[in-house]
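As stored in input21.txt (compact mmCIF, C-alpha atoms):
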# COMPACT_ATOMS: atom_id res chain seq x y z
CA MET P 220 -36.96 121.43 141.14
CA LYS P 221 -38.54 119.55 138.24
CA PRO P 222 -37.13 121.85 135.51
CA PHE P 223 -33.69 121.50 137.12
CA ILE P 224 -33.91 117.70 136.97
CA LEU P 225 -35.03 117.86 133.33
CA VAL P 226 -32.13 120.16 132.40
CA LEU P 227 -29.68 117.96 134.32
CA MET P 228 -30.91 114.79 132.58
CA THR P 229 -30.69 116.49 129.18
CA VAL P 230 -27.12 117.65 129.86
CA LEU P 231 -26.14 114.16 131.04
CA LEU P 232 -27.70 112.52 127.99
CA ILE P 233 -26.04 115.00 125.61
CA THR P 234 -22.75 114.20 127.34
CA GLY P 235 -23.42 110.49 126.88
CA CYS P 236 -24.34 110.92 123.23
CA ALA P 237 -21.31 113.11 122.59
CA LEU P 238 -18.99 110.60 124.22
CA GLU P 239 -20.41 107.71 122.31
CA THR P 240 -19.06 105.16 120.45
CA GLY P 241 -16.88 105.25 117.44
CA ARG P 242 -17.34 106.48 113.91
CA ALA P 243 -19.47 105.64 110.89
CA ILE P 244 -18.78 106.29 107.23
CA GLU P 245 -21.96 105.83 105.22
CA PHE P 246 -22.27 105.38 101.48
CA LYS P 247 -25.84 106.44 100.68
CA LEU P 248 -27.06 104.61 97.58
CA SER P 249 -30.00 105.05 95.23
CA PRO P 250 -33.03 102.80 95.92
CA GLN P 251 -32.67 101.62 92.30
CA VAL P 252 -29.08 100.38 92.77
CA ASP P 253 -28.22 96.84 91.65
CA ARG P 254 -28.16 94.83 94.90
CA GLY P 255 -25.94 92.17 93.34
CA ALA P 256 -23.34 94.80 92.46
CA ILE P 257 -23.09 96.17 95.99
CA HIS P 258 -22.91 92.66 97.41
CA GLY P 259 -20.15 91.94 94.89
CA ALA P 260 -18.26 95.05 96.05
CA LEU P 261 -18.53 93.87 99.66
CA GLN P 262 -17.25 90.40 98.78
CA PHE P 263 -14.26 91.92 96.99
CA VAL P 264 -13.34 94.23 99.87
CA ALA P 265 -13.84 91.43 102.41
CA GLY P 266 -11.50 89.22 100.38
CA GLU P 267 -8.84 91.95 100.25
CA LEU P 268 -9.01 92.66 104.00
CA GLY P 269 -9.52 89.07 105.18
CA LEU P 270 -13.00 89.74 106.55
CA VAL P 271 -15.74 87.19 107.19
CA VAL P 272 -19.07 87.99 105.48
CA GLU P 273 -22.24 87.04 107.38
CA GLY P 274 -25.84 87.18 106.24
CA PRO P 275 -28.16 88.00 104.75
CA GLU P 276 -30.12 88.70 107.92
CA ALA P 277 -33.61 90.15 107.59
CA GLY P 278 -35.45 92.47 109.96
CA PRO P 279 -38.64 94.54 110.05
CA GLY P 280 -39.16 97.38 107.60
CA GLY P 281 -37.64 95.52 104.67
CA ILE P 282 -34.14 95.37 106.18
CA VAL P 283 -31.81 92.82 104.59
CA GLU P 284 -28.27 93.15 105.89
CA TYR P 285 -24.92 91.57 105.11
CA ARG P 286 -22.12 92.23 107.55
CA ALA P 287 -18.38 91.81 107.11
CA ARG P 288 -16.06 91.72 110.08
CA LEU P 289 -12.66 90.54 111.21
CA PRO P 290 -12.55 86.79 111.87
CA THR P 291 -11.56 87.42 115.51
CA ASN P 292 -13.87 88.76 118.23
CA LEU P 293 -17.05 87.64 116.51
CA SER P 294 -19.19 88.33 119.56
CA THR P 295 -17.74 91.75 120.33
CA SER P 296 -16.95 93.31 117.03
CA ASP P 297 -15.21 96.65 117.07
CA PHE P 298 -15.12 97.08 113.31
CA PHE P 299 -17.56 95.95 110.68
CA ILE P 300 -18.97 96.83 107.29
CA SER P 301 -22.77 96.75 107.09
CA VAL P 302 -24.36 96.40 103.67
CA GLU P 303 -28.10 97.01 103.51
CA VAL P 304 -29.62 95.53 100.37
CA GLY P 305 -33.28 95.92 101.38
CA GLU P 306 -35.61 98.83 100.75
CA ARG P 307 -33.08 101.50 101.64
CA PRO P 308 -29.69 100.35 100.35
CA ARG P 309 -26.53 101.67 101.98
CA ILE P 310 -23.05 100.63 102.98
CA VAL P 311 -21.63 101.68 106.35
CA ILE P 312 -18.10 101.26 107.66
CA ARG P 313 -18.44 101.27 111.43
CA THR P 314 -15.78 101.42 114.12
CA MET P 315 -16.51 101.22 117.83
CA ASN P 316 -14.51 103.13 120.44
CA THR P 317 -12.96 99.94 121.73
CA GLN P 318 -9.77 100.68 119.79
CA THR P 319 -8.75 97.07 119.34
CA VAL P 320 -8.66 97.55 115.57
CA GLU P 321 -5.87 99.46 113.85
CA SER P 322 -7.29 102.68 112.41
CA ALA P 323 -5.68 101.82 109.06
CA ILE P 324 -8.19 99.01 108.44
CA PRO P 325 -11.36 101.17 108.27
CA GLU P 326 -9.57 103.75 106.11
CA ARG P 327 -8.37 101.02 103.77
CA ALA P 328 -11.90 99.60 103.63
CA PHE P 329 -13.19 103.07 102.72
CA GLY P 330 -10.68 103.46 99.88
CA LEU P 331 -11.34 99.97 98.52
CA LEU P 332 -15.12 100.37 98.66
CA ARG P 333 -14.97 103.71 96.87
CA GLU P 334 -12.82 102.17 94.13
CA GLU P 335 -15.16 99.20 93.77
CA LEU P 336 -18.32 101.31 93.65
CA ASP P 337 -16.75 103.63 91.07
CA LYS P 338 -15.60 100.64 89.03
CA ARG P 339 -19.14 99.22 89.02
CA GLY P 340 -20.66 102.59 88.13
CA ILE P 341 -22.61 102.82 91.39
CA LYS P 342 -23.47 106.40 92.39
CA TYR P 343 -23.19 107.29 96.06
CA GLU P 344 -23.02 110.09 98.57
CA VAL P 345 -20.62 109.82 101.51
CA ARG P 346 -21.69 110.86 104.99
CA ARG P 347 -19.45 110.69 108.05
CA GLY P 348 -21.16 110.25 111.40
CA LEU H 66 -71.30 89.55 115.76
CA ALA H 67 -68.59 87.03 114.86
CA ARG H 68 -66.75 89.72 112.90
CA GLY H 69 -67.01 92.12 115.84
CA ILE H 70 -65.64 89.51 118.23
CA GLY H 71 -62.85 88.76 115.75
CA GLN H 72 -61.90 92.45 115.50
CA PHE H 73 -62.00 92.81 119.27
CA GLY H 74 -59.75 89.76 119.63
CA SER H 75 -57.37 91.13 117.03
CA GLY H 76 -57.20 94.47 118.85
CA VAL H 77 -56.52 92.80 122.19
CA GLY H 78 -53.88 90.59 120.55
CA GLY H 79 -52.21 93.64 119.02
CA ILE H 80 -52.07 95.47 122.35
CA ALA H 81 -50.78 92.33 124.09
CA ASN H 82 -48.04 92.02 121.45
CA ILE H 83 -46.98 95.65 122.05
CA LEU H 84 -46.94 95.24 125.83
CA VAL H 85 -45.13 91.89 125.83
CA ARG H 86 -42.44 93.23 123.49
CA ASP H 87 -42.12 96.41 125.59
CA THR H 88 -41.70 94.31 128.72
CA VAL H 89 -39.12 92.05 127.09
CA ALA H 90 -37.26 95.12 125.78
CA THR H 91 -37.23 96.62 129.28
CA ILE H 92 -35.92 93.42 130.89
CA VAL H 93 -33.29 92.95 128.18
CA GLY H 94 -32.30 96.60 128.65
CA VAL H 95 -31.78 96.13 132.39
CA GLY H 96 -29.64 93.07 131.60
CA GLY H 97 -27.71 95.21 129.13
CA THR H 98 -27.09 97.89 131.75
CA VAL H 99 -25.71 95.28 134.17
CA TYR H 100 -23.52 93.75 131.45
CA THR H 101 -22.10 97.03 130.07
CA THR H 102 -21.50 98.45 133.56
CA LEU H 103 -19.62 95.36 134.77
CA ARG H 104 -17.58 95.25 131.56
CA ASP H 105 -16.78 98.99 131.73
CA VAL H 106 -15.78 98.87 135.40
CA ALA H 107 -13.49 95.90 134.71
CA ASN H 108 -12.04 97.83 131.77
CA VAL H 109 -11.30 100.93 133.90
CA LEU H 110 -9.87 98.86 136.78
CA THR H 111 -7.48 97.17 134.36
CA PHE H 112 -6.49 100.57 132.86
CA GLY H 113 -8.34 99.85 129.62
CA ASN H 114 -6.92 96.41 129.06
CA VAL H 115 -10.27 94.62 128.64
CA TYR H 116 -11.19 96.30 125.36
CA SER H 117 -9.55 99.74 125.11
CA LYS H 118 -6.03 98.70 124.17
CA GLY H 119 -4.60 100.08 127.42
CA ASN H 120 -6.13 103.53 126.84
CA LEU H 121 -7.49 104.64 130.25
CA PHE H 122 -9.09 107.82 128.85
CA SER H 123 -11.06 105.76 126.33
CA ALA H 124 -12.05 103.32 129.09
CA VAL H 125 -13.38 106.14 131.32
CA LYS H 126 -15.19 107.70 128.34
CA SER H 127 -17.01 104.42 127.64
CA LEU H 128 -17.90 104.02 131.32
CA VAL H 129 -19.45 107.51 131.46
CA ALA H 130 -21.31 107.10 128.15
CA ASP H 131 -22.73 103.74 129.22
CA ALA H 132 -23.64 105.08 132.67
CA VAL H 133 -25.67 108.06 131.43
CA VAL H 134 -27.36 106.51 128.37
CA PRO H 135 -29.84 103.83 129.52
CA GLU H 136 -30.32 100.54 127.67
CA TYR H 137 -33.64 99.48 126.15
CA GLY H 138 -34.26 96.46 123.97
CA MET H 139 -31.56 94.72 121.96
CA PHE H 140 -30.03 97.91 120.50
CA GLY H 141 -30.85 100.95 122.68
CA GLY H 142 -27.83 102.17 124.68
CA ALA H 143 -24.36 103.57 124.11
CA SER H 144 -22.48 100.32 123.52
CA TRP H 145 -25.31 97.84 123.49
CA GLY H 146 -26.44 96.14 120.28
CA THR H 147 -24.13 95.80 117.31
CA THR H 148 -21.20 95.93 119.77
CA GLN H 149 -22.29 92.45 120.84
CA GLY H 150 -22.62 91.37 117.19
CA ARG H 151 -26.43 91.46 116.96
CA GLY H 152 -28.16 91.93 113.61
CA PRO H 153 -31.61 93.10 112.42
CA GLY H 154 -33.23 89.73 113.22
CA SER H 155 -33.04 90.69 116.91
CA ILE H 156 -35.14 93.88 116.59
CA LEU H 157 -38.02 93.80 119.10
CA ASN H 158 -40.13 96.87 118.22
CA GLN H 159 -40.11 100.29 116.57
CA GLY H 160 -37.86 101.81 119.25
CA ASP H 161 -35.41 98.98 118.79
CA LEU H 162 -35.55 99.47 115.01
CA ALA H 163 -34.59 103.13 115.46
CA SER H 164 -31.72 102.15 117.76
CA TYR H 165 -30.55 99.44 115.33
CA HIS H 166 -30.22 102.00 112.52
CA HIS H 167 -28.44 104.39 114.87
CA ASP H 168 -26.04 101.62 115.90
CA ILE H 169 -25.13 101.23 112.25
CA ASN H 170 -24.90 104.81 110.95
CA LEU H 171 -24.88 107.07 114.06
CA ASN H 172 -27.53 109.39 112.61
CA GLU H 173 -29.34 111.01 115.57
CA ILE H 174 -32.00 112.78 113.50
CA GLU H 175 -32.93 109.46 111.90
CA TRP H 176 -33.26 107.95 115.40
CA VAL H 177 -35.67 110.70 116.45
CA LYS H 178 -37.72 110.47 113.25
CA ARG H 179 -37.98 106.68 113.38
CA ASN H 180 -39.12 106.83 117.01
CA PHE H 181 -41.81 109.40 116.33
CA THR H 182 -43.05 108.19 112.96
CA THR H 183 -46.78 107.66 112.59
CA ARG H 184 -46.09 104.81 110.12
CA PRO H 185 -43.88 102.40 112.08
CA ASP H 186 -42.03 99.62 110.24
CA ALA H 187 -42.09 97.40 113.34
CA VAL H 188 -44.45 96.74 116.26
CA PRO H 189 -45.10 100.09 118.02
CA VAL H 190 -43.54 100.70 121.42
CA GLY H 191 -45.35 100.43 124.74
CA PRO H 192 -45.12 102.90 127.64
CA VAL H 193 -41.47 102.19 128.48
CA GLY H 194 -40.37 102.46 124.85
CA ALA H 195 -42.34 105.70 124.47
CA SER H 196 -40.66 107.12 127.59
CA TYR H 197 -37.27 106.08 126.22
CA ALA H 198 -38.02 107.91 122.96
CA LEU H 199 -39.15 111.04 124.84
CA LEU H 200 -36.05 110.93 127.05
CA GLY H 201 -33.73 110.63 124.05
CA ALA H 202 -35.46 113.07 121.71
CA ILE H 203 -34.01 116.31 123.09
CA PRO H 204 -30.35 115.27 123.48
CA PHE H 205 -30.34 113.25 120.24
CA GLY H 206 -32.18 116.01 118.38
CA LEU H 207 -29.77 118.66 119.65
CA LYS H 208 -26.70 116.58 118.88
CA GLY H 209 -28.03 115.72 115.45
CA LEU H 210 -28.74 119.36 114.64
CA PHE H 211 -25.32 120.37 115.98
CA ASP H 212 -23.68 117.73 113.76
CA GLY H 213 -25.71 118.92 110.75
CA GLU H 214 -27.48 115.56 110.43
CA ARG H 215 -30.49 115.09 108.20
CA TYR H 216 -32.74 112.24 107.17
CA PRO H 217 -33.21 110.72 104.70
Spit out the file's structure as C-alpha cells when you get a sec.
Amino acid sequence: MKPFILVLMTVLLITGCALETGRAIEFKLSPQVDRGAIHGALQFVAGELGLVVEGPEAGPGGIVEYRARLPTNLSTSDFFISVEVGERPRIVIRTMNTQTVESAIPERAFGLLREELDKRGIKYEVRRG
Amino acid sequence: LARGIGQFGSGVGGIANILVRDTVATIVGVGGTVYTTLRDVANVLTFGNVYSKGNLFSAVKSLVADAVVPEYGMFGGASWGTTQGRGPGSILNQGDLASYHHDINLNEIEWVKRNFTTRPDAVPVGPVGASYALLGAIPFGLKGLFDGERYP
C-alpha cells in the first residue's frame, strides 16, 4: 500500500509541476558583468514598454533584485522582468499562466533586452524554462 | 565555563530560529493554500474571468496545479510567491530561497540542488521544510531532467 501511495503522490506532483505556471526566459550573465550596465538595460526596456521598476530588494545569499512590471495589477503580477545584480547576475523575463498580459509584450521585452545587452557588449546565454 | 554557556546558548538560539521560521513557513503555506484554492475555484466558477481572460481550460489547469502542489513559506507552491508580487526580502529559510529562485527562472534542478545543499545561503529548514524538499525532489528532479535543465 505504501509504495502505491508514494507512486501516486509522485505522479500527482509531476502533473502539478508539468501544469505549472507560465514561462521564463533567462539571460545568464557572467559574475564579472557590469551591474550598472544591466540595470541601465532594464531601465531602457522599462521605459520603452511603460513598465514600473521596483527595487533594489535584497535577500539572503547575496540576492539583490530589481523588478520591472506593468503599472497595473501590482499585487498580482502576471508579467515581470527580474534583474539580479547580486552574486549571481541574471535577467529573467517571466510570464505567469494567468494570461492577462498580451503575449506580444514578453516577446518584445526579449527582443529589446537582447538588443540592449548586445549594444552594451554584455555576453549572455539564453535559457528558456 | 562562560564560553561553554555562550556556545550552548548560541546553539539553542540557532535551533530555535530554524524551528520558528519552519513553523511560520508552515502556517503561511496553509494560508497560501486557502488563498490559492479560493481564488482558483472562483476563477473556474466564473469560466476563467477572475484571472484567466475567460479561458476555462487555463483556469482548470491552474486549479489542478495549485491543488496537487502544496504551499510552504512565502514562495513554495504552484502560484504562490512572485504571483502575489513578493520579492527576495520575504524569504524565510533555505527552502523558501530555493522556491524563490524557482519562481523566477523555473529551473527544477536548481530547486533540488538549493534544497539539498550542505552550504545553505539562508537559515536551514526545520522538519516541515525538509519533508517539503523530500516530497518535491523526485517530481522536480524528473521534470528537470526531462526538460534538460542543469545548474548552474
(message) Report, in Å with one decimal, the straight-line distance from CA of Ala163 in chain H to CA of Trp176 in chain H.
(response)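 Separation of CA of Ala163 in chain H and CA of Trp176 in chain H: 5.0 Å.
In terms of minimum interatomic distance to Ala130 in chain H, P:Gly241 ranks closest within P:Gly241, P:Val226, P:Ala260, P:Gly340, counting all atoms listed in the file.
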(request) Would you list the contacts of range 93-108 of chain H as a ChimeraX atom specification, taking every protein, DNA or RNA residue within 10 Å and counting only C-alpha atoms, but skipping same-chain residues closer than 5 positions in sequence? (result) /H:87-88,113-121,123-132,134-146
Would you write out those residues with C-alpha atoms, as a tab-separated table (two decimals), in the coordinates of the input?
chain	number	residue	atom	x	y	z
H	87	ASP	CA	-42.12	96.41	125.59
H	88	THR	CA	-41.70	94.31	128.72
H	113	GLY	CA	-8.34	99.85	129.62
H	114	ASN	CA	-6.92	96.41	129.06
H	115	VAL	CA	-10.27	94.62	128.64
H	116	TYR	CA	-11.19	96.30	125.36
H	117	SER	CA	-9.55	99.74	125.11
H	118	LYS	CA	-6.03	98.70	124.17
H	119	GLY	CA	-4.60	100.08	127.42
H	120	ASN	CA	-6.13	103.53	126.84
H	121	LEU	CA	-7.49	104.64	130.25
H	123	SER	CA	-11.06	105.76	126.33
H	124	ALA	CA	-12.05	103.32	129.09
H	125	VAL	CA	-13.38	106.14	131.32
H	126	LYS	CA	-15.19	107.70	128.34
H	127	SER	CA	-17.01	104.42	127.64
H	128	LEU	CA	-17.90	104.02	131.32
H	129	VAL	CA	-19.45	107.51	131.46
H	130	ALA	CA	-21.31	107.10	128.15
H	131	ASP	CA	-22.73	103.74	129.22
H	132	ALA	CA	-23.64	105.08	132.67
H	134	VAL	CA	-27.36	106.51	128.37
H	135	PRO	CA	-29.84	103.83	129.52
H	136	GLU	CA	-30.32	100.54	127.67
H	137	TYR	CA	-33.64	99.48	126.15
H	138	GLY	CA	-34.26	96.46	123.97
H	139	MET	CA	-31.56	94.72	121.96
H	140	PHE	CA	-30.03	97.91	120.50
H	141	GLY	CA	-30.85	100.95	122.68
H	142	GLY	CA	-27.83	102.17	124.68
H	143	ALA	CA	-24.36	103.57	124.11
H	144	SER	CA	-22.48	100.32	123.52
H	145	TRP	CA	-25.31	97.84	123.49
H	146	GLY	CA	-26.44	96.14	120.28
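With all atoms listed in the file as the atoms that count, the minimum distance from chain H to the choices P:Ala328, P:Ala256, P:Leu289, P:Ile312 is reached by P:Ile312.
Closest approach to Leu270 in chain P among P:Ile244, P:Arg327, P:Arg254, P:Ile300: P:Ile300, based on all atoms listed in the file.
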(message) Using all atoms listed in the file, can you tell me which of P:Val272, P:Asp253, P:Leu336, P:Ser301 comes closest to Tyr165 in chain H?
(response)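 Of the candidates, the smallest distance to Tyr165 in chain H is held by P:Ser301.
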Show me, as a PDB file with C-alpha atoms, in the coordinates of the input, the residues that have an atom within 7 Å of Tyr285 in chain P when counting all atoms listed in the file, minus same-chain residues fewer than 6 positions from it.
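Okay, out-v9.pdb is ready:
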ATOM      1  CA  VAL P 272     -19.070  87.990 105.480  1.00  0.00           C
ATOM      2  CA  GLU P 273     -22.240  87.040 107.380  1.00  0.00           C
ATOM      3  CA  GLY P 274     -25.840  87.180 106.240  1.00  0.00           C
ATOM      4  CA  PRO P 275     -28.160  88.000 104.750  1.00  0.00           C
ATOM      5  CA  GLU P 276     -30.120  88.700 107.920  1.00  0.00           C
ATOM      6  CA  SER P 301     -22.770  96.750 107.090  1.00  0.00           C
ATOM      7  CA  VAL P 302     -24.360  96.400 103.670  1.00  0.00           C
ATOM      8  CA  GLU P 303     -28.100  97.010 103.510  1.00  0.00           C
TER       9      GLU P 303
END
(request) Using all atoms listed in the file, determine which residues lie at most 12 Å from Ala81 in chain H, disregarding the query and same-chain residues fewer than 5 positions distant; provide the list as a PyMOL selection string. (result) chain H and resi 74-76+86-88+188-191
For those residues, write C-alpha atoms to a file as an mmCIF file, in the frame of the given file.
data_model
loop_
_atom_site.group_PDB
_atom_site.id
_atom_site.type_symbol
_atom_site.label_atom_id
_atom_site.label_comp_id
_atom_site.auth_asym_id
_atom_site.auth_seq_id
_atom_site.Cartn_x
_atom_site.Cartn_y
_atom_site.Cartn_z
ATOM 1 C CA GLY H 74 -59.750 89.760 119.630
ATOM 2 C CA SER H 75 -57.370 91.130 117.030
ATOM 3 C CA GLY H 76 -57.200 94.470 118.850
ATOM 4 C CA ARG H 86 -42.440 93.230 123.490
ATOM 5 C CA ASP H 87 -42.120 96.410 125.590
ATOM 6 C CA THR H 88 -41.700 94.310 128.720
ATOM 7 C CA VAL H 188 -44.450 96.740 116.260
ATOM 8 C CA PRO H 189 -45.100 100.090 118.020
ATOM 9 C CA VAL H 190 -43.540 100.700 121.420
ATOM 10 C CA GLY H 191 -45.350 100.430 124.740
#
(message) Counting only C-alpha atoms, which residue out of P:Glu335, P:His258, P:Gly281, P:Gly348 sits closest to Lys208 in chain H?
(response)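 Ranking P:Glu335, P:His258, P:Gly281, P:Gly348 by distance to Lys208 in chain H, first place goes to P:Gly348.
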(request) Please measure the separation of CA of Pro279 in chain P and CA of Pro325 in chain P, giving the value in Å to one decimal. (result)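 These two atoms are separated by 28.1 Å.
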